[in-house]
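Listing of my_file-v5.csv, CSV, C-alpha atoms
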```csv
chain,number,residue,atom,x,y,z
B,82,MET,CA,-65.1,15.0,-55.2
B,83,THR,CA,-66.9,12.1,-56.8
B,84,PRO,CA,-68.5,9.8,-54.2
B,85,SER,CA,-69.1,6.1,-54.6
B,86,LEU,CA,-72.7,5.0,-55.0
B,87,SER,CA,-74.8,2.5,-53.1
B,88,VAL,CA,-78.5,1.6,-53.2
B,89,LEU,CA,-81.3,1.4,-50.7
B,90,ASP,CA,-84.3,-0.6,-51.9
B,91,LEU,CA,-87.8,-0.7,-50.3
B,92,VAL,CA,-89.0,-3.1,-53.0
B,93,PRO,CA,-91.8,-0.8,-54.3
B,94,VAL,CA,-95.1,-2.3,-55.4
B,95,ARG,CA,-97.1,-0.4,-58.0
B,96,THR,CA,-100.8,-0.6,-59.0
B,97,GLY,CA,-101.5,-4.0,-60.5
B,98,GLN,CA,-98.2,-5.5,-59.6
B,99,SER,CA,-97.9,-8.7,-57.5
B,100,SER,CA,-95.3,-9.1,-54.7
B,101,ALA,CA,-93.6,-11.7,-56.9
B,102,GLU,CA,-93.2,-9.2,-59.7
B,103,ALA,CA,-92.0,-6.5,-57.4
B,104,MET,CA,-89.3,-8.8,-55.9
B,105,ALA,CA,-88.2,-10.0,-59.3
B,106,ALA,CA,-87.8,-6.3,-60.4
B,107,SER,CA,-85.7,-5.5,-57.3
B,108,LEU,CA,-83.5,-8.6,-57.6
B,109,ALA,CA,-82.9,-7.7,-61.3
B,110,LEU,CA,-82.0,-4.1,-60.1
B,111,ALA,CA,-79.5,-5.5,-57.5
B,112,ALA,CA,-77.8,-7.5,-60.3
B,113,ARG,CA,-77.7,-4.3,-62.4
B,114,ALA,CA,-76.2,-2.3,-59.5
B,115,ASP,CA,-73.5,-5.1,-59.2
B,116,ASP,CA,-72.7,-4.8,-62.9
B,117,LEU,CA,-72.5,-1.0,-62.6
B,118,GLY,CA,-70.0,-1.0,-59.8
B,119,PHE,CA,-72.2,0.2,-56.9
B,120,THR,CA,-70.6,-0.4,-53.5
B,121,ARG,CA,-73.6,-1.9,-51.6
B,122,TYR,CA,-77.2,-2.8,-51.9
B,123,TRP,CA,-79.4,-2.6,-48.8
B,124,PHE,CA,-83.0,-3.7,-48.2
B,125,ALA,CA,-85.2,-1.8,-45.7
B,126,GLU,CA,-87.7,-3.4,-43.3
B,127,HIS,CA,-91.3,-2.1,-43.4
B,128,HIS,CA,-94.5,-3.9,-42.6
B,129,ASN,CA,-98.1,-4.0,-43.8
B,130,MET,CA,-97.7,-1.2,-46.4
B,131,PRO,CA,-99.4,-1.8,-49.8
B,132,ALA,CA,-96.5,-0.1,-51.7
B,133,VAL,CA,-93.6,-1.8,-49.9
B,134,ALA,CA,-92.6,-5.5,-50.2
B,135,SER,CA,-89.4,-5.3,-48.2
B,136,THR,CA,-90.8,-7.0,-45.0
B,137,THR,CA,-87.9,-9.5,-44.5
B,138,PRO,CA,-84.5,-8.1,-45.3
B,139,PRO,CA,-82.6,-11.4,-44.5
B,140,VAL,CA,-84.6,-13.3,-47.1
B,141,LEU,CA,-84.1,-10.6,-49.8
B,142,ILE,CA,-80.4,-10.3,-48.9
B,143,ALA,CA,-79.9,-14.0,-49.4
B,144,ALA,CA,-81.7,-13.9,-52.8
B,145,ALA,CA,-79.7,-10.8,-53.9
B,146,ALA,CA,-76.4,-12.4,-52.8
B,147,MET,CA,-77.1,-15.4,-55.0
B,148,ARG,CA,-77.7,-13.1,-58.0
B,149,THR,CA,-74.6,-10.9,-57.5
B,150,THR,CA,-70.8,-11.5,-57.3
B,151,ARG,CA,-69.1,-8.4,-56.0
B,152,ILE,CA,-71.5,-5.9,-54.4
B,153,ARG,CA,-72.0,-5.8,-50.6
B,154,VAL,CA,-75.6,-6.7,-49.7
B,155,GLY,CA,-77.3,-5.9,-46.4
B,156,SER,CA,-80.1,-4.4,-44.4
B,157,GLY,CA,-81.1,-0.8,-44.2
B,158,GLY,CA,-82.1,-1.8,-41.7
B,159,VAL,CA,-83.3,-4.6,-39.5
B,160,MET,CA,-85.6,-3.0,-37.0
B,161,LEU,CA,-84.3,-4.6,-33.8
B,162,PRO,CA,-87.3,-4.0,-31.5
B,163,ASN,CA,-89.2,-6.5,-33.7
B,164,HIS,CA,-86.7,-9.3,-33.3
B,165,SER,CA,-84.8,-11.4,-30.8
B,166,PRO,CA,-81.1,-10.4,-30.9
B,167,LEU,CA,-80.1,-14.1,-31.2
B,168,ILE,CA,-82.3,-14.6,-34.2
B,169,VAL,CA,-80.8,-11.5,-35.9
B,170,ALA,CA,-77.3,-12.8,-35.1
B,171,GLU,CA,-78.1,-16.3,-36.5
B,172,GLN,CA,-79.6,-14.9,-39.7
B,173,PHE,CA,-76.7,-12.6,-40.5
B,174,ALA,CA,-74.1,-15.2,-39.5
B,175,ALA,CA,-75.7,-17.5,-42.0
B,176,LEU,CA,-75.7,-14.8,-44.6
B,177,GLU,CA,-72.0,-14.1,-44.0
B,178,ALA,CA,-71.3,-17.8,-44.6
B,179,LEU,CA,-73.3,-17.7,-47.8
B,180,ALA,CA,-71.6,-14.6,-49.1
B,181,PRO,CA,-68.3,-14.2,-47.2
B,182,GLY,CA,-67.1,-10.6,-46.9
B,183,ARG,CA,-70.2,-9.1,-48.6
B,184,ILE,CA,-72.7,-8.8,-45.8
B,185,ASP,CA,-73.8,-5.6,-44.0
B,186,LEU,CA,-76.0,-5.6,-40.9
B,187,GLY,CA,-77.6,-2.2,-40.6
B,188,ILE,CA,-79.7,-2.0,-37.4
B,189,GLY,CA,-82.4,0.5,-36.6
B,190,ARG,CA,-84.3,1.3,-33.4
B,191,ALA,CA,-87.7,2.2,-34.9
B,192,PRO,CA,-90.4,-0.5,-35.3
B,193,GLY,CA,-90.9,0.1,-39.1
B,194,SER,CA,-94.6,0.1,-38.9
B,195,ASP,CA,-97.7,1.1,-36.8
B,196,PRO,CA,-98.4,0.1,-33.2
B,197,VAL,CA,-100.7,-2.8,-34.2
B,198,ILE,CA,-98.1,-4.5,-36.3
B,199,THR,CA,-95.5,-3.9,-33.6
B,200,GLN,CA,-97.6,-5.8,-31.1
B,201,LEU,CA,-98.2,-8.6,-33.6
B,202,LEU,CA,-94.5,-9.0,-34.3
B,203,ARG,CA,-93.8,-9.2,-30.5
B,204,ARG,CA,-96.4,-11.9,-29.9
B,205,SER,CA,-94.1,-14.5,-31.5
B,206,GLY,CA,-91.7,-14.7,-28.6
B,207,THR,CA,-89.2,-12.8,-26.5
B,208,THR,CA,-88.1,-9.7,-28.5
B,209,SER,CA,-86.0,-6.7,-28.1
B,210,ASP,CA,-87.0,-4.0,-25.7
B,211,VAL,CA,-86.2,-0.5,-27.0
B,212,ASP,CA,-84.7,0.5,-23.6
B,213,GLN,CA,-82.3,-2.4,-24.0
B,214,PHE,CA,-81.2,-1.5,-27.5
B,215,PRO,CA,-77.5,-0.7,-26.6
B,216,ASP,CA,-77.2,-4.1,-24.8
B,217,HIS,CA,-78.7,-6.0,-27.7
B,218,ILE,CA,-76.3,-4.3,-30.1
B,219,ARG,CA,-73.4,-5.5,-28.0
B,220,ASP,CA,-75.0,-9.0,-27.8
B,221,ILE,CA,-75.3,-9.3,-31.6
B,222,ARG,CA,-71.8,-8.1,-32.2
B,223,ALA,CA,-70.5,-10.8,-29.8
B,224,LEU,CA,-72.7,-13.6,-31.1
B,225,VAL,CA,-71.7,-13.2,-34.8
B,226,GLY,CA,-68.0,-13.3,-34.1
B,227,GLY,CA,-65.9,-16.4,-34.1
B,228,ASP,CA,-65.5,-16.4,-30.3
B,229,GLY,CA,-69.2,-16.0,-29.6
B,230,ALA,CA,-70.5,-15.0,-26.2
B,231,THR,CA,-70.5,-16.5,-22.7
B,232,LEU,CA,-73.4,-16.3,-20.4
B,233,THR,CA,-72.8,-16.4,-16.6
B,234,PHE,CA,-75.5,-17.9,-14.4
B,235,THR,CA,-76.3,-16.5,-11.0
B,236,SER,CA,-75.3,-19.9,-9.7
B,237,GLY,CA,-71.8,-19.4,-11.0
B,238,GLY,CA,-71.9,-21.7,-14.1
B,239,THR,CA,-71.3,-20.5,-17.7
B,240,TYR,CA,-72.9,-21.3,-21.0
B,241,ASP,CA,-71.1,-20.7,-24.4
B,242,LEU,CA,-73.3,-19.4,-27.2
B,243,ARG,CA,-72.5,-18.7,-30.9
B,244,ALA,CA,-74.7,-17.6,-33.8
B,245,THR,CA,-73.0,-20.1,-36.0
B,246,PRO,CA,-70.7,-23.0,-35.2
B,247,ALA,CA,-67.5,-22.0,-37.0
B,248,ALA,CA,-67.6,-18.4,-38.2
B,249,THR,CA,-64.7,-17.3,-40.4
B,250,GLY,CA,-65.9,-13.7,-40.8
B,251,ASP,CA,-68.4,-11.2,-39.4
B,252,PRO,CA,-71.0,-9.1,-41.1
B,253,GLU,CA,-70.2,-5.5,-40.8
B,254,VAL,CA,-72.5,-3.8,-38.3
B,255,TRP,CA,-73.9,-0.3,-39.0
B,256,LEU,CA,-76.2,1.8,-36.8
B,257,LEU,CA,-79.0,3.6,-38.6
B,258,GLY,CA,-81.3,6.4,-37.4
B,259,SER,CA,-82.7,9.8,-37.7
B,260,SER,CA,-82.2,11.2,-34.2
B,261,ASP,CA,-79.4,12.3,-31.9
B,262,TYR,CA,-79.7,9.1,-29.9
B,263,SER,CA,-78.6,6.8,-32.8
B,264,ALA,CA,-75.7,9.1,-33.7
B,265,GLN,CA,-74.5,9.3,-30.1
B,266,LEU,CA,-74.8,5.5,-29.6
B,267,ALA,CA,-72.9,4.8,-32.8
B,268,ALA,CA,-70.1,7.2,-31.6
B,269,ALA,CA,-69.9,5.7,-28.1
B,270,SER,CA,-69.8,2.1,-29.6
B,271,GLY,CA,-67.2,2.9,-32.2
B,272,LEU,CA,-69.5,1.8,-35.0
B,273,PRO,CA,-70.3,3.1,-38.5
B,274,TYR,CA,-73.4,5.3,-38.7
B,275,VAL,CA,-76.0,6.2,-41.3
B,276,PHE,CA,-78.5,9.0,-40.9
B,277,ALA,CA,-81.9,8.3,-42.6
B,278,ASN,CA,-81.8,11.4,-44.7
B,279,HIS,CA,-83.9,9.9,-47.5
B,280,PHE,CA,-86.9,9.8,-45.1
B,281,SER,CA,-86.3,12.5,-42.5
B,282,GLY,CA,-84.4,15.2,-44.3
B,283,GLN,CA,-84.1,17.2,-41.0
B,284,GLY,CA,-81.2,17.2,-38.6
B,285,LEU,CA,-78.6,15.7,-40.9
B,286,GLU,CA,-75.8,18.2,-40.2
B,287,HIS,CA,-76.4,18.1,-36.4
B,288,ALA,CA,-76.4,14.3,-36.3
B,289,LEU,CA,-73.2,14.0,-38.3
B,290,ALA,CA,-71.5,16.6,-36.1
B,291,LEU,CA,-72.5,14.7,-33.0
B,292,TYR,CA,-71.3,11.4,-34.4
B,293,ARG,CA,-68.0,12.7,-35.5
B,294,GLY,CA,-67.4,14.9,-32.5
B,295,GLN,CA,-68.2,12.2,-29.9
B,296,TYR,CA,-66.7,9.2,-31.7
B,297,ARG,CA,-64.7,6.8,-29.6
B,298,PRO,CA,-62.3,4.7,-31.8
B,299,SER,CA,-62.8,0.9,-31.8
B,300,GLU,CA,-60.4,-1.8,-32.9
B,301,ALA,CA,-62.4,-2.4,-36.1
B,302,HIS,CA,-63.1,1.2,-36.8
B,303,PRO,CA,-60.4,3.6,-35.5
B,304,GLU,CA,-62.0,6.5,-37.4
B,305,PRO,CA,-65.7,7.5,-37.7
B,306,ARG,CA,-67.3,6.1,-40.8
B,307,THR,CA,-70.5,7.3,-42.3
B,308,PHE,CA,-72.3,7.9,-45.5
B,309,VAL,CA,-75.5,9.8,-46.5
B,310,THR,CA,-78.8,8.5,-48.0
B,311,ALA,CA,-81.0,10.4,-50.5
B,312,ASN,CA,-83.8,9.9,-52.9
B,313,ALA,CA,-83.0,10.1,-56.6
B,314,VAL,CA,-84.8,10.1,-59.9
B,315,VAL,CA,-82.7,10.6,-63.0
B,316,ALA,CA,-83.9,10.6,-66.6
B,317,PRO,CA,-82.8,11.9,-70.0
B,318,THR,CA,-84.9,15.0,-69.5
B,319,ALA,CA,-85.9,17.0,-66.5
B,320,GLU,CA,-89.6,16.6,-67.5
B,321,GLU,CA,-89.4,12.8,-67.4
B,322,ALA,CA,-87.5,12.9,-64.1
B,323,TRP,CA,-90.3,14.9,-62.5
B,324,ASP,CA,-92.9,12.7,-64.0
B,325,ARG,CA,-91.3,9.6,-62.5
B,326,ALA,CA,-90.8,11.3,-59.2
B,327,LEU,CA,-94.5,12.3,-58.8
B,328,PRO,CA,-95.9,8.8,-57.7
B,329,GLN,CA,-93.4,8.7,-54.8
B,330,VAL,CA,-94.0,12.4,-53.9
B,331,ARG,CA,-97.7,11.6,-53.6
B,332,MET,CA,-96.9,8.5,-51.5
B,333,MET,CA,-94.8,10.5,-49.1
B,334,ALA,CA,-97.7,13.0,-48.9
B,335,ARG,CA,-100.1,10.2,-47.9
B,336,LEU,CA,-97.7,8.9,-45.3
B,337,ARG,CA,-97.0,12.3,-43.8
B,338,SER,CA,-100.7,13.4,-43.8
B,339,GLY,CA,-102.1,10.2,-42.3
B,340,ARG,CA,-104.2,9.3,-45.4
B,341,PRO,CA,-104.8,5.6,-46.3
B,342,LEU,CA,-101.8,4.0,-48.0
B,343,VAL,CA,-102.2,2.5,-51.4
B,344,ALA,CA,-100.0,0.7,-54.0
B,345,LEU,CA,-97.7,3.1,-55.8
B,346,GLU,CA,-99.5,4.9,-58.6
B,347,THR,CA,-98.2,4.8,-62.2
B,348,VAL,CA,-97.0,8.0,-63.6
B,349,GLU,CA,-100.2,8.4,-65.6
B,350,GLN,CA,-102.4,7.8,-62.5
B,351,ALA,CA,-100.3,10.2,-60.4
B,352,ARG,CA,-100.6,13.0,-63.0
B,353,GLU,CA,-104.4,12.5,-63.4
B,354,ALA,CA,-105.0,12.3,-59.6
B,355,GLU,CA,-102.7,15.4,-58.9
B,356,SER,CA,-104.8,17.5,-61.3
B,357,VAL,CA,-107.8,16.7,-59.1
B,358,ASP,CA,-106.6,16.6,-55.5
B,359,SER,CA,-103.1,18.3,-55.5
B,360,LEU,CA,-102.1,15.9,-52.8
B,361,GLY,CA,-98.4,16.2,-53.6
B,362,ALA,CA,-98.3,20.0,-54.0
B,363,PRO,CA,-97.2,20.7,-50.4
B,364,PHE,CA,-94.3,18.3,-50.8
B,365,ALA,CA,-93.2,19.2,-54.3
B,366,ASP,CA,-90.8,21.9,-53.3
B,367,TRP,CA,-89.3,19.8,-50.5
B,368,ALA,CA,-88.7,17.0,-53.0
B,369,ARG,CA,-87.1,19.3,-55.6
B,370,SER,CA,-84.8,20.8,-53.0
B,371,SER,CA,-83.7,17.6,-51.1
B,372,TRP,CA,-84.0,14.8,-53.7
B,373,PHE,CA,-81.8,14.4,-56.8
B,374,ILE,CA,-84.4,14.9,-59.5
B,375,GLY,CA,-83.2,15.8,-63.0
B,376,THR,CA,-80.9,15.1,-65.9
B,377,PRO,CA,-77.8,13.0,-65.5
B,378,ALA,CA,-75.5,16.1,-65.6
B,379,ASP,CA,-77.6,18.1,-63.1
B,380,ALA,CA,-78.1,15.2,-60.7
B,381,ALA,CA,-74.4,14.3,-60.8
B,382,SER,CA,-73.3,17.9,-60.1
B,383,SER,CA,-75.8,18.2,-57.2
B,384,LEU,CA,-74.7,14.8,-55.8
B,385,ARG,CA,-71.0,15.8,-55.8
B,386,ASP,CA,-71.9,19.1,-54.0
B,387,PHE,CA,-74.0,17.1,-51.5
B,388,ALA,CA,-71.1,14.7,-50.7
B,389,ALA,CA,-68.6,17.5,-50.4
B,390,THR,CA,-70.9,19.5,-48.1
B,391,HIS,CA,-71.4,16.6,-45.7
B,392,GLN,CA,-67.8,15.3,-46.1
B,393,VAL,CA,-68.7,11.8,-47.2
B,394,ASP,CA,-67.1,9.6,-49.9
B,395,GLU,CA,-70.3,7.5,-50.4
B,396,VAL,CA,-73.9,8.3,-51.1
B,397,MET,CA,-76.6,5.7,-50.8
B,398,ILE,CA,-79.5,6.6,-53.2
B,399,SER,CA,-83.0,5.3,-52.9
B,400,PRO,CA,-84.1,5.2,-56.6
B,401,VAL,CA,-87.7,6.2,-56.3
B,402,ALA,CA,-88.6,6.6,-60.0
B,403,GLY,CA,-92.1,5.5,-60.8
B,404,SER,CA,-93.2,3.5,-63.8
B,405,TYR,CA,-95.3,4.3,-66.8
B,406,ALA,CA,-98.4,2.1,-67.3
B,407,ASP,CA,-97.0,0.2,-70.3
B,408,GLU,CA,-93.7,-0.8,-68.6
B,409,PRO,CA,-93.4,-4.5,-67.7
B,410,MET,CA,-94.5,-5.5,-64.2
B,411,ASP,CA,-91.4,-7.5,-63.5
B,412,SER,CA,-89.0,-4.8,-64.4
B,413,ALA,CA,-87.6,-1.7,-62.7
B,414,ASN,CA,-87.2,0.4,-65.8
B,415,GLY,CA,-87.3,3.9,-64.2
B,416,ARG,CA,-85.2,2.8,-61.2
B,417,ALA,CA,-82.6,1.0,-63.4
B,418,GLN,CA,-82.5,4.1,-65.6
B,419,THR,CA,-81.7,6.2,-62.5
B,420,LEU,CA,-78.8,4.0,-61.5
B,421,GLU,CA,-77.4,3.7,-65.1
B,422,LEU,CA,-77.5,7.4,-65.9
B,423,LEU,CA,-76.1,8.5,-62.6
B,424,ALA,CA,-73.3,6.0,-62.6
B,425,THR,CA,-72.3,7.1,-66.1
B,426,ALA,CA,-72.5,10.7,-65.3
B,427,LEU,CA,-70.2,10.3,-62.3
B,428,ASP,CA,-67.7,8.1,-64.1
```

Give the structure from this file in structure tokens form.
Amino acid sequence: MTPSLSVLDLVPVRTGQSSAEAMAASLALAARADDLGFTRYWFAEHHNMPAVASTTPPVLIAAAAMRTTRIRVGSGGVMLPNHSPLIVAEQFAALEALAPGRIDLGIGRAPGSDPVITQLLRRSGTTSDVDQFPDHIRDIRALVGGDGATLTFTSGGTYDLRATPAATGDPEVWLLGSSDYSAQLAAASGLPYVFANHFSGQGLEHALALYRGQYRPSEAHPEPRTFVTANAVVAPTAEEAWDRALPQVRMMARLRSGRPLVALETVEQAREAESVDSLGAPFADWARSSWFIGTPADAASSLRDFAATHQVDEVMISPVAGSYADEPMDSANGRAQTLELLATALD
């Protein structure tokens, strides 16, 4: 079984790199994924993190859509508690009009940052309440459709509302999550579902079993539909692959241990720092066992087994390869290499 490939991008920012350079590198990577035949390219939403520039998925999706011709582009995901459902619907209805038939709206329930940022995001106006998440999902689905939604006032009057005046297509809505809740909600709503395996790594089998076992067919999706995410670093040699994985391993260690976050280290910085503080050591075995790190042949074989085990025909990889110090700031050399080598090995 050879699954199709997609990409999840957090727009990593390494030491000495500007946000402009990081975004240029990611947009070039999206164009390369388009050329290589990848199925979709999603941008995540995270806030106030020195190593992550994907704060506004709709902006990045629009830019990527203009630089690609075939690949689906979308969010992985929009964190709905941070936004008004109407704003989300309007943004993605506009994106669908810009790139008809190529827009995915992946929606998550987590805030995507710390409590301070969450409160700052909510100061700008009426926003989603986590407890109303299912209702807001239904609202968005109605608003982006051609028929729109109708509000009924307590006085008896009605008010028609549309996210865009004359929609000819809808963005495809996906629910994202790393808990039983999101799997069960996706199943009850008849929506496609993605488990955040690249970040969580725990509970994947249980979540997929819940989703498939409780799925209620919908008109748009008569069968359950899901794929799996995973981190990947592929290089000509196993040694280089691990070298390029080390900066991200150390970043995950910082995140999980509550240490101050910094821009992504270069490979050289990560190796030197690891010899002193061994920050990544507790996470190294986890990365080796749950990420795809290695040569093209080894990574492709593991990926096929992974897809077969979880009965999916698509895998979305987060290419987390770090950069060497002498590589251009506006390029994604290691990440592009991962996509190219993996695509060739699976061909």

Find, counting only C-alpha atoms, the residue in B:Asp228, B:Asp411, B:Glu421, B:Asp216 that gets nearest to Asp251 of chain B.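 Counting only C-alpha atoms, the residue closest to Asp251 of chain B is B:Asp228.
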
For atom CA of Asp90 of chain B and atom CA of Ala125 of chain B, quote the distance in Å rounded to one decimal. 6.4 Å

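Shortest separation to Ala424 of chain B among B:Ala389, B:Leu384, B:Val197, B:Leu141 occurs at residue B:Leu384, atoms counted being all atoms listed in the file.
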
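Nearest residue to Ala223 of chain B, choosing from B:Ala170, B:Met147, B:Leu256, B:Ile184 and counting all atoms listed in the file: B:Ala170.
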
I'd like the neighbourhood of Gly284 of chain B as an mmCIF file with C-alpha atoms, in the coordinates of the input, where a residue qualifies if any of its atoms comes within 9 Å (using all atoms listed in the file), though same-chain residues fewer than 5 positions away should be ignored.
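Once written, out.cif looks like this:
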```cif
data_model
loop_
_atom_site.group_PDB
_atom_site.id
_atom_site.type_symbol
_atom_site.label_atom_id
_atom_site.label_comp_id
_atom_site.auth_asym_id
_atom_site.auth_seq_id
_atom_site.Cartn_x
_atom_site.Cartn_y
_atom_site.Cartn_z
ATOM 1 C CA SER B 259 -82.700 9.800 -37.700
ATOM 2 C CA SER B 260 -82.200 11.200 -34.200
ATOM 3 C CA ASP B 261 -79.400 12.300 -31.900
ATOM 4 C CA PHE B 276 -78.500 9.000 -40.900
ATOM 5 C CA ASN B 278 -81.800 11.400 -44.700
ATOM 6 C CA LEU B 289 -73.200 14.000 -38.300
#
```

For a test of reading the model, state the distance in Å between atom CA of Asn312 of chain B and atom CA of Leu108 of chain B, rounded to one decimal.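 These two atoms are separated by 19.1 Å.
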
Do you know which residues are at most 12 Å from Ala109 of chain B counting all atoms listed in the file, after dropping those on the same chain fewer than 6 positions away, and could you put them as a ChimeraX atom specification? /B:90,92,102-103,115-116,141,144-149,411-414,416-417

Selection near Thr136 of chain B, 12 Å with all atoms listed in the file, sequence-local residues under 3 positions removed, as a compact mmCIF listing (two decimals) with C-alpha atoms, keeping the file's coordinate frame:
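That gives us result_12.txt:
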```txt
# COMPACT_ATOMS: atom_id res chain seq x y z
CA ASP B 90 -84.30 -0.60 -51.90
CA LEU B 91 -87.80 -0.70 -50.30
CA VAL B 92 -89.00 -3.10 -53.00
CA PRO B 93 -91.80 -0.80 -54.30
CA SER B 100 -95.30 -9.10 -54.70
CA MET B 104 -89.30 -8.80 -55.90
CA PHE B 124 -83.00 -3.70 -48.20
CA ALA B 125 -85.20 -1.80 -45.70
CA GLU B 126 -87.70 -3.40 -43.30
CA HIS B 127 -91.30 -2.10 -43.40
CA HIS B 128 -94.50 -3.90 -42.60
CA ASN B 129 -98.10 -4.00 -43.80
CA MET B 130 -97.70 -1.20 -46.40
CA PRO B 131 -99.40 -1.80 -49.80
CA ALA B 132 -96.50 -0.10 -51.70
CA VAL B 133 -93.60 -1.80 -49.90
CA PRO B 139 -82.60 -11.40 -44.50
CA VAL B 140 -84.60 -13.30 -47.10
CA LEU B 141 -84.10 -10.60 -49.80
CA ILE B 142 -80.40 -10.30 -48.90
CA SER B 156 -80.10 -4.40 -44.40
CA GLY B 157 -81.10 -0.80 -44.20
CA GLY B 158 -82.10 -1.80 -41.70
CA VAL B 159 -83.30 -4.60 -39.50
CA MET B 160 -85.60 -3.00 -37.00
CA ASN B 163 -89.20 -6.50 -33.70
CA PRO B 192 -90.40 -0.50 -35.30
CA GLY B 193 -90.90 0.10 -39.10
CA SER B 194 -94.60 0.10 -38.90
CA ILE B 198 -98.10 -4.50 -36.30
CA LEU B 202 -94.50 -9.00 -34.30
```

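Nearest residue to Thr310 of chain B among B:Leu201, B:Ala180, B:Val396, B:Val254 is B:Val396, counting all atoms listed in the file.
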
Can you pull out every residue within 10 Å of Glu171 of chain B, counting only C-alpha atoms, but drop anything in the same chain fewer than 5 positions away, and send it as number ranges by chain? B: 166, 176-177, 221, 224-225, 243-245

Residues near Leu291 of chain B, anyone? I mean within 9 Å using all atoms listed in the file, not counting same-chain ones fewer than 2 positions away, as a PyMOL selection string. chain B and resi 261+264-265+268+286-289+293-296

Work out how far apart atom CA of Glu253 of chain B and atom CA of Pro138 of chain B are and give it in Å to one decimal. 15.2 Å

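Counting all atoms listed in the file, the residue from B:Arg153, B:His279, B:Arg95, B:Arg306 that sits nearest to Phe119 of chain B is B:Arg153.
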
B:Met333, B:Ala380, B:Leu257, B:Ala101 ranked by distance to Thr307 of chain B, top pick (using only C-alpha atoms): B:Leu257
